Amino acid sequence: MTKALQVASLLALGIAASAAAQRPAHTPAPRPHAMPEAQRSEPRGAEAAEHPKSFGGVAEKLGTTPQALQSAYDAAKAANPKLTRGQFIAANVVAHNLGSKNPAITTQAILDGLKSGKSIVQTLRSLGVSDKDADEAEKAADQQAKEAESAADKAGKTN
């Protein structure tokens, strides 16, 4: 009987030691400044960098208002959560620049291409634009968007 008791107590000790080894050594103290993601009032990462900027300079170039572009961006972002502000601006500028030459090139067509995982250049190629013209269109759109934003920033600083 003592042998059975010894085996049972060793078995219980082994189980207890195994359970203790699997527990963390200490419980991390709660961070007072941590709050659930859903309660944060400001966005994080790339989105945080996107919100303070307005669409002022680009809107003027495209003949619309910053509010209209912001609304369009919000809708496009809802349809494609991976869409960046830069991609959205480039899609609008490319469509503005090339749409008169090729009616298939619209902002929505470019945004649809981006949503499907294509780049702007790949989307333009699928819409019938040559490789060279697609590359040039994207570079020109990026440059024009930067110039428009720079002009808007300078105008905002002088006011």
# chains A, B, ... in the order shown; residues from 1 in each chain; ligands from 1

call {"tool": "residues_around", "arguments": {"residues": "segment 106-122 of chain A", "least_positions_apart": "5", "cutoff": "9 Å", "atoms": "only C-alpha atoms", "output": "PyMOL selection string"}}
result
chain A and resi 76+79-83+87-88+90-96+98-99+127+129+131+134-135+137-138

call {"tool": "atom_distance", "arguments": {"atom1": "atom CA of Lys132 of chain A", "atom2": "atom CA of Thr84 of chain A"}}
result
24.2 Å

call {"tool": "closest_residue", "arguments": {"among": "A:Ser130, A:Asp74, A:Ile89, A:Ala104", "to": "Glu149 of chain A", "atoms": "only C-alpha atoms"}}
result
A:Ile89

call {"tool": "atom_distance", "arguments": {"atom1": "atom CA of Glu136 of chain A", "atom2": "atom CA of Gln67 of chain A"}}
result
28.7 Å

call {"tool": "atom_distance", "arguments": {"atom1": "atom CA of Gly128 of chain A", "atom2": "atom CA of Asp142 of chain A"}}
result
20.5 Å

call {"tool": "residues_around", "arguments": {"residues": "segment 54-64 of chain A", "least_positions_apart": "6", "cutoff": "7 Å", "atoms": "only C-alpha atoms", "output": "PyMOL selection string"}}
result
chain A and resi 70+96+145+148-149+151-152

call {"tool": "write_last_selection", "arguments": {"atoms": "N, CA, C and O atoms", "output": "compact mmCIF listing (two decimals), in the first residue's frame"}}
result
# COMPACT_ATOMS: atom_id res chain seq x y z
N GLN A 70 -12.43 64.20 -50.55
CA GLN A 70 -12.38 63.47 -49.28
C GLN A 70 -13.53 62.46 -49.22
O GLN A 70 -13.33 61.32 -48.81
N HIS A 96 -7.69 61.92 -64.96
CA HIS A 96 -7.87 63.29 -65.45
C HIS A 96 -6.98 63.55 -66.68
O HIS A 96 -7.43 64.15 -67.66
N ALA A 145 0.79 65.58 -58.60
CA ALA A 145 0.18 65.53 -57.28
C ALA A 145 1.10 66.20 -56.25
O ALA A 145 0.63 66.97 -55.40
N ALA A 148 0.98 69.97 -56.81
CA ALA A 148 -0.29 70.54 -56.35
C ALA A 148 -0.33 70.62 -54.83
O ALA A 148 -0.76 71.63 -54.26
N GLU A 149 0.13 69.58 -54.15
CA GLU A 149 0.15 69.59 -52.69
C GLU A 149 1.13 70.63 -52.17
O GLU A 149 0.86 71.33 -51.20
N ALA A 151 2.04 73.41 -53.66
CA ALA A 151 1.45 74.73 -53.89
C ALA A 151 0.37 75.01 -52.86
O ALA A 151 0.26 76.12 -52.34
N ALA A 152 -0.42 74.01 -52.52
CA ALA A 152 -1.47 74.18 -51.52
C ALA A 152 -0.85 74.44 -50.14
O ALA A 152 -1.35 75.27 -49.37
